[in-house]
file model-v1.pdb (PDB, C-alpha atoms)
ATOM      1  CA  MET A1118     -38.945  48.125 -70.849
ATOM      2  CA  ASP A1119     -35.688  49.963 -71.498
ATOM      3  CA  LYS A1120     -36.025  53.111 -73.516
ATOM      4  CA  VAL A1121     -33.743  53.019 -76.540
ATOM      5  CA  PHE A1122     -33.061  55.175 -79.545
ATOM      6  CA  ASN A1123     -33.796  53.347 -82.791
ATOM      7  CA  GLU A1124     -33.292  56.210 -85.185
ATOM      8  CA  ILE A1125     -30.358  56.924 -87.450
ATOM      9  CA  HIS A1126     -29.820  60.671 -87.441
ATOM     10  CA  ILE A1127     -28.343  62.568 -90.337
ATOM     11  CA  MET A1128     -26.535  65.261 -88.361
ATOM     12  CA  GLU A1129     -23.062  66.677 -87.955
ATOM     13  CA  LEU A1130     -20.393  64.181 -86.937
ATOM     14  CA  THR A1131     -19.023  64.619 -83.402
ATOM     15  CA  THR A1132     -15.459  65.998 -83.598
ATOM     16  CA  ASN A1133     -14.303  64.161 -80.467
ATOM     17  CA  TYR A1134     -16.679  61.837 -78.675
ATOM     18  CA  LEU A1135     -17.146  62.431 -74.964
ATOM     19  CA  PRO A1136     -18.109  59.840 -72.347
ATOM     20  CA  GLY A1137     -21.194  60.600 -70.304
ATOM     21  CA  VAL A1138     -23.134  62.453 -72.996
ATOM     22  CA  PHE A1139     -24.771  61.715 -76.349
ATOM     23  CA  ASN A1140     -22.588  61.785 -79.446
ATOM     24  CA  GLU A1141     -23.317  61.713 -83.168
ATOM     25  CA  LEU A1142     -20.865  59.133 -84.552
ATOM     26  CA  GLU A1143     -20.281  57.581 -87.953
ATOM     27  CA  ILE A1144     -20.683  53.839 -88.474
ATOM     28  CA  ALA A1145     -17.239  52.754 -89.696
ATOM     29  CA  GLY A1146     -18.205  49.116 -90.104
ATOM     30  CA  ILE A1147     -20.560  46.417 -88.808
ATOM     31  CA  GLU A1148     -19.249  43.046 -87.645
ATOM     32  CA  ALA A1149     -20.694  40.032 -85.841
ATOM     33  CA  HIS A1150     -20.190  41.439 -82.348
ATOM     34  CA  GLY A1151     -21.207  45.017 -83.108
ATOM     35  CA  ALA A1152     -20.667  48.211 -85.036
ATOM     36  CA  PHE A1153     -17.498  50.272 -84.814
ATOM     37  CA  LEU A1154     -18.306  53.970 -84.577
ATOM     38  CA  ARG A1155     -15.833  56.763 -85.180
ATOM     39  CA  ASP A1156     -15.753  60.458 -84.497
ATOM     40  CA  GLY A1157     -14.300  63.260 -86.612
ATOM     41  CA  THR A1158     -10.757  62.542 -85.448
ATOM     42  CA  GLY A1159     -10.836  58.800 -86.168
ATOM     43  CA  ASN A1160     -11.306  57.603 -82.578
ATOM     44  CA  GLN A1161     -13.479  54.482 -82.472
ATOM     45  CA  VAL A1162     -15.906  52.978 -79.975
ATOM     46  CA  LEU A1163     -17.911  49.748 -80.116
ATOM     47  CA  LEU A1164     -21.712  49.636 -80.272
ATOM     48  CA  PRO A1165     -22.716  46.041 -79.356
ATOM     49  CA  THR A1166     -24.938  44.216 -81.826
ATOM     50  CA  LYS A1167     -28.038  44.262 -79.594
ATOM     51  CA  TRP A1168     -28.104  48.068 -79.688
ATOM     52  CA  ILE A1169     -27.640  48.524 -83.443
ATOM     53  CA  PRO A1170     -30.843  50.078 -84.884
ATOM     54  CA  LYS A1171     -32.493  48.328 -87.801
ATOM     55  CA  GLY A1172     -31.420  49.669 -91.156
ATOM     56  CA  SER A1173     -27.999  50.796 -89.948
ATOM     57  CA  LYS A1174     -25.323  50.917 -92.655
ATOM     58  CA  SER A1175     -21.661  51.823 -92.849
ATOM     59  CA  GLY A1176     -21.230  55.537 -93.369
ATOM     60  CA  GLY A1177     -24.423  56.462 -91.570
ATOM     61  CA  LEU A1178     -24.555  58.641 -88.472
ATOM     62  CA  ILE A1179     -26.053  57.403 -85.220
ATOM     63  CA  ARG A1180     -26.770  59.066 -81.876
ATOM     64  CA  VAL A1181     -25.313  57.079 -78.997
ATOM     65  CA  PHE A1182     -24.465  57.467 -75.330
ATOM     66  CA  VAL A1183     -20.832  56.647 -74.536
ATOM     67  CA  TYR A1184     -19.771  55.321 -71.130
ATOM     68  CA  PHE A1185     -17.476  52.573 -69.769
ATOM     69  CA  ASP A1186     -18.071  48.827 -69.470
ATOM     70  CA  SER A1187     -17.088  46.579 -66.531
ATOM     71  CA  GLU A1188     -13.472  46.566 -67.761
ATOM     72  CA  ASP A1189     -13.376  50.384 -68.047
ATOM     73  CA  ARG A1190     -13.396  50.308 -71.839
ATOM     74  CA  PRO A1191     -15.433  52.983 -73.656
ATOM     75  CA  ILE A1192     -18.621  51.523 -75.090
ATOM     76  CA  ALA A1193     -21.626  52.966 -76.903
ATOM     77  CA  THR A1194     -25.308  52.287 -76.328
ATOM     78  CA  THR A1195     -28.634  53.513 -77.656
ATOM     79  CA  MET A1196     -30.181  53.103 -74.200
ATOM     80  CA  GLN A1197     -31.356  56.243 -72.438
ATOM     81  CA  PRO A1198     -29.757  56.847 -69.011
ATOM     82  CA  VAL A1199     -31.764  58.612 -66.326
ATOM     83  CA  ALA A1200     -29.188  61.410 -66.329
ATOM     84  CA  ILE A1201     -26.095  62.423 -68.282
ATOM     85  CA  VAL A1202     -22.986  64.334 -67.209
ATOM     86  CA  GLY A1203     -24.012  67.753 -65.917
ATOM     87  CA  GLU A1204     -27.446  66.684 -64.673
ATOM     88  CA  VAL A1205     -28.967  66.041 -61.253
ATOM     89  CA  ALA A1206     -30.990  62.875 -60.646
ATOM     90  CA  PHE A1207     -32.658  60.943 -57.819
ATOM     91  CA  LEU A1208     -31.196  57.440 -58.195
ATOM     92  CA  GLU A1209     -31.698  54.179 -56.321
ATOM     93  CA  VAL A1210     -28.754  52.422 -54.704
ATOM     94  CA  ALA A1211     -28.338  48.990 -56.305
ATOM     95  CA  ASP A1212     -25.335  47.815 -54.292
ATOM     96  CA  VAL A1213     -22.659  48.938 -51.845
ATOM     97  CA  ASN A1214     -19.131  47.516 -51.626
ATOM     98  CA  GLN A1215     -15.566  48.563 -50.835
ATOM     99  CA  ALA A1216     -15.460  50.897 -53.863
ATOM    100  CA  GLY A1217     -18.575  52.866 -52.898
ATOM    101  CA  ALA A1218     -22.276  52.783 -53.728
ATOM    102  CA  PHE A1219     -23.557  51.776 -57.150
ATOM    103  CA  LEU A1220     -26.621  53.547 -58.509
ATOM    104  CA  ASN A1221     -29.171  52.329 -61.037
ATOM    105  CA  TRP A1222     -29.219  54.948 -63.791
ATOM    106  CA  GLY A1223     -30.904  52.923 -66.518
ATOM    107  CA  LEU A1224     -27.839  51.328 -68.108
ATOM    108  CA  GLU A1225     -26.379  47.810 -67.853
ATOM    109  CA  LYS A1226     -23.474  48.991 -65.705
ATOM    110  CA  ASP A1227     -24.428  50.908 -62.553
ATOM    111  CA  LEU A1228     -23.086  54.384 -61.793
ATOM    112  CA  LEU A1229     -20.460  54.672 -59.045
ATOM    113  CA  LEU A1230     -21.006  57.003 -56.100
ATOM    114  CA  PRO A1231     -17.515  57.000 -54.516
ATOM    115  CA  PHE A1232     -17.158  57.184 -50.736
ATOM    116  CA  GLY A1233     -15.508  60.584 -51.071
ATOM    117  CA  GLU A1234     -18.573  61.958 -52.859
ATOM    118  CA  GLN A1235     -21.062  60.705 -50.255
ATOM    119  CA  LYS A1236     -22.616  62.787 -47.487
ATOM    120  CA  GLN A1237     -23.703  59.673 -45.611
ATOM    121  CA  ARG A1238     -23.404  55.955 -46.242
ATOM    122  CA  PRO A1239     -26.426  54.867 -48.302
ATOM    123  CA  GLU A1240     -28.032  51.434 -48.172
ATOM    124  CA  PRO A1241     -29.271  49.287 -51.095
ATOM    125  CA  GLY A1242     -32.797  50.315 -52.038
ATOM    126  CA  GLN A1243     -32.331  53.856 -50.738
ATOM    127  CA  LYS A1244     -32.566  56.771 -53.173
ATOM    128  CA  VAL A1245     -29.905  59.476 -53.346
ATOM    129  CA  LEU A1246     -29.961  62.849 -55.073
ATOM    130  CA  VAL A1247     -26.717  63.152 -57.033
ATOM    131  CA  TYR A1248     -24.912  65.187 -59.655
ATOM    132  CA  VAL A1249     -23.431  63.183 -62.549
ATOM    133  CA  PHE A1250     -19.915  64.330 -63.455
ATOM    134  CA  ARG A1251     -16.862  63.314 -65.475
ATOM    135  CA  ASP A1252     -13.601  63.071 -63.519
ATOM    136  CA  SER A1253     -11.187  65.610 -64.990
ATOM    137  CA  GLN A1254      -8.164  63.337 -64.482
ATOM    138  CA  THR A1255      -9.435  59.861 -65.378
ATOM    139  CA  GLY A1256     -12.331  60.785 -67.663
ATOM    140  CA  ARG A1257     -14.529  58.284 -65.824
ATOM    141  CA  ILE A1258     -18.179  59.031 -65.106
ATOM    142  CA  ALA A1259     -19.295  59.116 -61.480
ATOM    143  CA  ALA A1260     -21.939  60.551 -59.186
ATOM    144  CA  SER A1261     -21.649  62.964 -56.282
ATOM    145  CA  ALA A1262     -24.075  63.640 -53.440
ATOM    146  CA  ARG A1263     -22.079  66.803 -52.711
ATOM    147  CA  ILE A1264     -24.162  68.666 -55.269
ATOM    148  CA  GLU A1265     -23.425  72.154 -54.006
ATOM    149  CA  LYS A1266     -19.815  72.122 -55.264
ATOM    150  CA  PHE A1267     -21.019  71.754 -58.863
ATOM    151  CA  LEU A1268     -23.612  74.534 -58.791
ATOM    152  CA  GLU A1269     -23.269  78.078 -60.104
ATOM    153  CA  THR A1270     -23.727  81.178 -57.964
ATOM    154  CA  ASP A1271     -24.216  83.544 -60.920
ATOM    155  CA  THR A1272     -27.927  84.293 -61.377
ATOM    156  CA  HIS A1273     -27.571  86.380 -64.543
ATOM    157  CA  THR A1274     -28.671  83.464 -66.707
ATOM    158  CA  PHE A1275     -32.188  83.774 -65.263
ATOM    159  CA  LYS A1276     -34.808  86.504 -65.222
ATOM    160  CA  GLU A1277     -37.773  87.070 -62.947
ATOM    161  CA  GLY A1278     -40.935  85.353 -64.167
ATOM    162  CA  GLN A1279     -38.960  82.820 -66.220
ATOM    163  CA  GLU A1280     -40.280  79.265 -66.398
ATOM    164  CA  VAL A1281     -37.653  76.720 -65.285
ATOM    165  CA  GLN A1282     -37.374  73.017 -64.575
ATOM    166  CA  ILE A1283     -36.426  72.044 -61.034
ATOM    167  CA  ILE A1284     -35.762  68.960 -58.945
ATOM    168  CA  LEU A1285     -36.577  69.077 -55.225
ATOM    169  CA  TRP A1286     -33.475  68.819 -53.046
ATOM    170  CA  GLU A1287     -34.236  69.153 -49.337
ATOM    171  CA  LYS A1288     -36.640  70.703 -46.843
ATOM    172  CA  THR A1289     -35.461  73.600 -44.675
ATOM    173  CA  GLU A1290     -36.983  75.766 -41.966
ATOM    174  CA  LEU A1291     -38.042  78.291 -44.619
ATOM    175  CA  GLY A1292     -39.330  75.891 -47.233
ATOM    176  CA  TYR A1293     -37.893  73.656 -49.934
ATOM    177  CA  LYS A1294     -34.525  73.931 -51.663
ATOM    178  CA  ALA A1295     -34.509  72.951 -55.322
ATOM    179  CA  ILE A1296     -31.948  72.573 -58.099
ATOM    180  CA  ILE A1297     -32.785  74.861 -61.033
ATOM    181  CA  GLU A1298     -31.930  73.599 -64.523
ATOM    182  CA  ASN A1299     -29.152  71.394 -63.084
ATOM    183  CA  SER A1300     -27.091  74.488 -62.333
ATOM    184  CA  SER A1301     -28.362  76.694 -59.482
ATOM    185  CA  VAL A1302     -30.169  76.567 -56.140
ATOM    186  CA  GLY A1303     -33.534  78.145 -55.439
ATOM    187  CA  LEU A1304     -35.959  78.250 -52.525
ATOM    188  CA  ILE A1305     -39.720  77.698 -52.488
ATOM    189  CA  TYR A1306     -41.181  79.249 -49.335
ATOM    190  CA  ALA A1307     -43.315  76.915 -47.247
ATOM    191  CA  ASN A1308     -46.272  79.321 -47.058
ATOM    192  CA  GLU A1309     -46.498  79.286 -50.870
ATOM    193  CA  VAL A1310     -46.722  75.505 -51.181
ATOM    194  CA  PHE A1311     -50.186  74.014 -51.650
ATOM    195  CA  GLU A1312     -49.222  70.473 -52.575
ATOM    196  CA  ILE A1313     -47.163  67.588 -51.252
ATOM    197  CA  LEU A1314     -43.491  67.923 -52.208
ATOM    198  CA  ARG A1315     -40.912  65.169 -51.906
ATOM    199  CA  LYS A1316     -37.178  64.986 -52.462
ATOM    200  CA  GLY A1317     -36.320  64.065 -56.044
ATOM    201  CA  MET A1318     -39.574  65.376 -57.541
ATOM    202  CA  LYS A1319     -39.231  67.103 -60.899
ATOM    203  CA  LYS A1320     -41.447  70.159 -61.286
ATOM    204  CA  THR A1321     -42.003  73.218 -63.433
ATOM    205  CA  ALA A1322     -41.402  76.394 -61.432
ATOM    206  CA  TYR A1323     -41.018  80.135 -61.965
ATOM    207  CA  ILE A1324     -38.317  82.580 -60.905
ATOM    208  CA  ALA A1325     -40.035  84.827 -58.347
ATOM    209  CA  LYS A1326     -37.058  86.987 -57.349
ATOM    210  CA  LEU A1327     -33.336  87.274 -58.011
ATOM    211  CA  ARG A1328     -31.800  88.567 -54.795
ATOM    212  CA  ASP A1329     -28.762  90.820 -54.511
ATOM    213  CA  ASP A1330     -26.971  88.167 -52.438
ATOM    214  CA  GLY A1331     -27.222  85.682 -55.342
ATOM    215  CA  LYS A1332     -30.105  83.690 -53.890
ATOM    216  CA  ILE A1333     -33.131  82.785 -55.996
ATOM    217  CA  ASP A1334     -36.764  82.644 -54.858
ATOM    218  CA  LEU A1335     -39.030  80.209 -56.683
ATOM    219  CA  ARG A1336     -42.772  79.742 -57.023
ATOM    220  CA  LEU A1337     -44.690  76.759 -58.337
ATOM    221  CA  LEU A1338     -47.445  78.970 -59.745
ATOM    222  CA  PRO A1339     -46.996  81.133 -62.852
ATOM    223  CA  PRO A1340     -47.144  84.928 -62.602
ATOM    224  CA  GLY A1341     -50.728  86.070 -62.135
ATOM    225  CA  TYR A1342     -51.694  83.192 -59.865
ATOM    226  CA  ASP A1343     -50.211  84.811 -56.760
ATOM    227  CA  LYS A1344     -53.565  86.282 -55.781
ATOM    228  CA  ILE A1345     -55.338  82.934 -55.979
ATOM    229  CA  ALA A1346     -52.584  81.285 -53.950
ATOM    230  CA  GLY A1347     -53.039  83.930 -51.273
ATOM    231  CA  LEU A1348     -56.799  83.379 -51.231
ATOM    232  CA  ALA A1349     -56.254  79.643 -50.947
ATOM    233  CA  GLU A1350     -54.170  80.343 -47.848
ATOM    234  CA  VAL A1351     -57.057  82.395 -46.421
ATOM    235  CA  ILE A1352     -59.430  79.461 -46.933
ATOM    236  CA  LEU A1353     -56.999  77.056 -45.278
ATOM    237  CA  SER A1354     -56.690  79.357 -42.273
ATOM    238  CA  LYS A1355     -60.475  79.595 -41.967
ATOM    239  CA  LEU A1356     -60.772  75.815 -42.195
ATOM    240  CA  LYS A1357     -58.239  75.292 -39.437
ATOM    241  CA  ALA A1358     -59.981  77.884 -37.245
ATOM    242  CA  GLY A1359     -63.337  76.243 -37.928
ATOM    243  CA  LYS A1360     -62.279  72.730 -36.900
ATOM    244  CA  GLY A1361     -61.665  71.703 -40.489
ATOM    245  CA  PHE A1362     -64.999  72.722 -41.997
ATOM    246  CA  ILE A1363     -66.593  75.773 -43.666
ATOM    247  CA  PRO A1364     -70.290  75.643 -44.698
ATOM    248  CA  LEU A1365     -69.563  77.206 -48.109
ATOM    249  CA  ASN A1366     -69.342  75.688 -51.583
ATOM    250  CA  ASP A1367     -70.047  76.426 -55.271
ATOM    251  CA  HIS A1368     -73.764  76.791 -54.552
ATOM    252  CA  SER A1369     -73.345  79.367 -51.791
ATOM    253  CA  ASP A1370     -74.474  82.954 -52.407
ATOM    254  CA  ALA A1371     -71.778  85.383 -53.490
ATOM    255  CA  GLU A1372     -72.680  87.731 -50.613
ATOM    256  CA  GLU A1373     -72.306  84.934 -48.067
ATOM    257  CA  ILE A1374     -68.873  84.004 -49.458
ATOM    258  CA  TYR A1375     -67.711  87.614 -49.386
ATOM    259  CA  GLU A1376     -69.047  88.169 -45.872
ATOM    260  CA  ASN A1377     -67.199  85.120 -44.503
ATOM    261  CA  LEU A1378     -64.010  85.137 -46.567
ATOM    262  CA  GLY A1379     -63.686  88.601 -48.095
ATOM    263  CA  MET A1380     -63.427  87.331 -51.681
ATOM    264  CA  SER A1381     -65.631  87.070 -54.745
ATOM    265  CA  LYS A1382     -67.423  83.848 -55.576
ATOM    266  CA  LYS A1383     -65.330  83.539 -58.754
ATOM    267  CA  ASN A1384     -62.046  83.735 -56.841
ATOM    268  CA  PHE A1385     -63.433  81.465 -54.132
ATOM    269  CA  LYS A1386     -64.101  78.774 -56.743
ATOM    270  CA  LYS A1387     -60.612  79.198 -58.258
ATOM    271  CA  ALA A1388     -58.948  78.948 -54.842
ATOM    272  CA  CYS A1389     -61.021  75.894 -53.925
ATOM    273  CA  GLY A1390     -60.102  74.322 -57.246
ATOM    274  CA  MET A1391     -56.413  74.834 -56.471
ATOM    275  CA  LEU A1392     -56.788  73.351 -52.980
ATOM    276  CA  TYR A1393     -58.827  70.405 -54.261
ATOM    277  CA  LYS A1394     -56.330  69.658 -57.025
ATOM    278  CA  ASN A1395     -53.536  69.595 -54.460
ATOM    279  CA  ARG A1396     -55.598  67.369 -52.133
ATOM    280  CA  LYS A1397     -55.821  69.951 -49.389
ATOM    281  CA  ILE A1398     -59.626  69.885 -49.183
ATOM    282  CA  THR A1399     -62.612  67.688 -49.957
ATOM    283  CA  LEU A1400     -65.854  69.043 -51.402
ATOM    284  CA  THR A1401     -69.226  68.090 -49.907
ATOM    285  CA  GLU A1402     -72.831  69.137 -50.416
ATOM    286  CA  LYS A1403     -72.748  71.059 -47.128
ATOM    287  CA  GLY A1404     -69.386  72.780 -47.595
ATOM    288  CA  ILE A1405     -65.629  72.252 -47.814
ATOM    289  CA  ARG A1406     -63.565  70.196 -45.411
ATOM    290  CA  LEU A1407     -59.859  69.810 -44.745
ATOM    291  CA  ALA A1408     -58.572  66.632 -46.368
ATOM    292  CA  ASP A1409     -57.270  63.871 -44.138
ATOM    293  CA  LYS A1410     -53.480  63.835 -43.990
TER     294      LYS A1410
END

call {"tool": "encode", "arguments": {"input": "model-v1.pdb", "output": "structure tokens"}}
result
Amino acid sequence: MDKVFNEIHIMELTTNYLPGVFNELEIAGIEAHGAFLRDGTGNQVLLPTKWIPKGSKSGGLIRVFVYFDSEDRPIATTMQPVAIVGEVAFLEVADVNQAGAFLNWGLEKDLLLPFGEQKQRPEPGQKVLVYVFRDSQTGRIAASARIEKFLETDTHTFKEGQEVQIILWEKTELGYKAIIENSSVGLIYANEVFEILRKGMKKTAYIAKLRDDGKIDLRLLPPGYDKIAGLAEVILSKLKAGKGFIPLNDHSDAEEIYENLGMSKKNFKKACGMLYKNRKITLTEKGIRLADK
């Protein structure tokens, strides 16, 4: 079911409405085919009847997303797109024709990914990570797979230890590149990953280090969990050296755990919990075993 906004908000009227983002507009009048909405300068845009929230009246303010219909006319909707201008999203290709690829972004009209903004020719059904932007000359909304040209290189907006939202971009020799808060690039090192990561995944991460060269290191675990992540890596190494099995579990003696792994029973249980949660191990009555891939 499409997610829609069915609330009338009493907020400040948008001075000039902008396509590709949400706007607070005034209902100028309601007719058979829809409501005419206007911004603070008198510009108007149509909200079709099927999207008018119940209880709407002339003079009220309503939050709408403005984009363009099939005839390139501005139109308003209360539907929620997957992404708005300035955001990165992992979108499925609905169709490909001579104009480019068209992406399903949750609205009635698909989002255009022009040929010039593609890195490779996508096929219908394939998913593409894109940045949603507004063309500075035409004002039209489009997508670009050339994400890097829209990203900032200034890291001063972040601080070490800060919690951020990321979307996974691509795998590299060092680990996984991710887009931070739709604006910057960060790297999660492979030896600090204890779960399956896939392109397009949205995750909560933490700024581990802001480098002098402008690069950003990320971690998926909050500050304070570094020790447990390191111990989890020790257990994985022991499992691999022991043909995928260690005869230790929650019921093992603390001395036995320390003798074999060099960690306390408490930390052993925390590390096993992390590995189990991320499907790296299975727990048995006789010990722990590497999970099947």

call {"tool": "resolve_selection", "arguments": {"input": "model-v1.pdb", "expression": "the PyMOL selection byres ((chain A and resi 1274) around 12)", "output": "PDB file with C-alpha atoms, in the coordinates of the input"}}
result
ATOM      1  CA  GLU A1269     -23.269  78.078 -60.104  1.00  0.00           C
ATOM      2  CA  THR A1270     -23.727  81.178 -57.964  1.00  0.00           C
ATOM      3  CA  ASP A1271     -24.216  83.544 -60.920  1.00  0.00           C
ATOM      4  CA  THR A1272     -27.927  84.293 -61.377  1.00  0.00           C
ATOM      5  CA  HIS A1273     -27.571  86.380 -64.543  1.00  0.00           C
ATOM      6  CA  PHE A1275     -32.188  83.774 -65.263  1.00  0.00           C
ATOM      7  CA  LYS A1276     -34.808  86.504 -65.222  1.00  0.00           C
ATOM      8  CA  GLU A1277     -37.773  87.070 -62.947  1.00  0.00           C
ATOM      9  CA  GLN A1279     -38.960  82.820 -66.220  1.00  0.00           C
ATOM     10  CA  VAL A1281     -37.653  76.720 -65.285  1.00  0.00           C
ATOM     11  CA  ILE A1297     -32.785  74.861 -61.033  1.00  0.00           C
ATOM     12  CA  GLU A1298     -31.930  73.599 -64.523  1.00  0.00           C
ATOM     13  CA  SER A1300     -27.091  74.488 -62.333  1.00  0.00           C
ATOM     14  CA  SER A1301     -28.362  76.694 -59.482  1.00  0.00           C
ATOM     15  CA  ILE A1324     -38.317  82.580 -60.905  1.00  0.00           C
ATOM     16  CA  LEU A1327     -33.336  87.274 -58.011  1.00  0.00           C
ATOM     17  CA  GLY A1331     -27.222  85.682 -55.342  1.00  0.00           C
ATOM     18  CA  ILE A1333     -33.131  82.785 -55.996  1.00  0.00           C
TER      19      ILE A1333
END

call {"tool": "closest_residue", "arguments": {"input": "model-v1.pdb", "among": "A:Glu1204, A:Glu1225, A:Asp1252, A:Asp1367", "to": "A:Asn1299", "atoms": "all atoms listed in the file"}}
result
A:Glu1204

call {"tool": "closest_residue", "arguments": {"input": "model-v1.pdb", "among": "A:Ile1313, A:Val1247, A:Leu1178, A:Ile1345", "to": "A:Pro1231", "atoms": "only C-alpha atoms"}}
result
A:Val1247

call {"tool": "resolve_selection", "arguments": {"input": "model-v1.pdb", "expression": "the PyMOL selection byres ((chain A and resi 1304-1307) around 9)", "output": "list in words"}}
result
Thr1289, Glu1290, Leu1291, Gly1292, Tyr1293, Lys1294, Ala1295, Ile1296, Val1302, Gly1303, Asn1308, Glu1309, Val1310, Phe1311, Lys1332, Ile1333, Asp1334, Leu1335, Arg1336 and Leu1337 of chain A

call {"tool": "residues_around", "arguments": {"input": "model-v1.pdb", "residues": "A:Leu1228", "least_positions_apart": "6", "cutoff": "10 Å", "atoms": "only C-alpha atoms", "output": "list in words"}}
result
Tyr1184, Phe1185, Leu1208, Val1210, Ala1211, Ala1218, Phe1219, Leu1220, Asn1221, Trp1222, Val1249, Ile1258, Ala1259 and Ala1260 of chain A

call {"tool": "resolve_selection", "arguments": {"input": "model-v1.pdb", "expression": "the PyMOL selection byres ((chain A and resi 1409) around 12)", "output": "ChimeraX atom specification"}}
result
/A:1361-1362,1396-1399,1406-1408,1410

call {"tool": "closest_residue", "arguments": {"input": "model-v1.pdb", "among": "A:Lys1403, A:Glu1141, A:Arg1328, A:Pro1165", "to": "A:Phe1182", "atoms": "only C-alpha atoms"}}
result
A:Glu1141

call {"tool": "atom_distance", "arguments": {"input": "model-v1.pdb", "atom1": "atom CA of A:Leu1353", "atom2": "atom CA of A:Gly1278"}}
result
26.1 Å

call {"tool": "residues_around", "arguments": {"input": "model-v1.pdb", "residues": "A:Lys1383", "least_positions_apart": "4", "cutoff": "12 Å", "atoms": "all atoms listed in the file", "output": "number ranges by chain"}}
result
A: 1345, 1348, 1366-1372, 1374-1375, 1379, 1387-1390

call {"tool": "atom_distance", "arguments": {"input": "model-v1.pdb", "atom1": "atom CA of A:Leu1154", "atom2": "atom CA of A:Gly1177"}}
result
9.6 Å

call {"tool": "closest_residue", "arguments": {"input": "model-v1.pdb", "among": "A:Glu1240, A:Asp1227, A:Asp1189, A:Glu1234", "to": "A:Val1213", "atoms": "all atoms listed in the file"}}
result
A:Glu1240

call {"tool": "atom_distance", "arguments": {"input": "model-v1.pdb", "atom1": "atom CA of A:Gln1215", "atom2": "atom CA of A:Phe1267"}}
result
25.1 Å

call {"tool": "residues_around", "arguments": {"input": "model-v1.pdb", "residues": "A:Gly1256", "least_positions_apart": "5", "cutoff": "9 Å", "atoms": "only C-alpha atoms", "output": "PyMOL selection string"}}
result
chain A and resi 1135-1136+1251

call {"tool": "residues_around", "arguments": {"input": "model-v1.pdb", "residues": "A:Leu1246", "least_positions_apart": "5", "cutoff": "12 Å", "atoms": "all atoms listed in the file", "output": "ChimeraX atom specification"}}
result
/A:1200,1204-1210,1220,1222,1230,1234-1237,1239,1260-1265,1284-1287,1295-1296,1299,1315-1319

call {"tool": "closest_residue", "arguments": {"input": "model-v1.pdb", "among": "A:Leu1378, A:Leu1400, A:Ile1147, A:Val1245", "to": "A:Gly1172", "atoms": "all atoms listed in the file"}}
result
A:Ile1147

call {"tool": "residues_near_point", "arguments": {"input": "model-v1.pdb", "point": "(-20.1, 60.9, -78.5)", "cutoff": "8 Å", "atoms": "only C-alpha atoms", "output": "list of chain:residue names"}}
result
A:Thr1131, A:Asn1133, A:Tyr1134, A:Leu1135, A:Pro1136, A:Val1138, A:Phe1139, A:Asn1140, A:Glu1141, A:Leu1142, A:Asp1156, A:Arg1180, A:Val1181, A:Phe1182, A:Val1183

call {"tool": "residues_around", "arguments": {"input": "model-v1.pdb", "residues": "A:Gly1146", "least_positions_apart": "5", "cutoff": "7 Å", "atoms": "all atoms listed in the file", "output": "PyMOL selection string"}}
result
chain A and resi 1152-1153+1175

call {"tool": "closest_residue", "arguments": {"input": "model-v1.pdb", "among": "A:Ala1322, A:Leu1365, A:Met1380, A:Met1391", "to": "A:Ile1405", "atoms": "all atoms listed in the file"}}
result
A:Leu1365
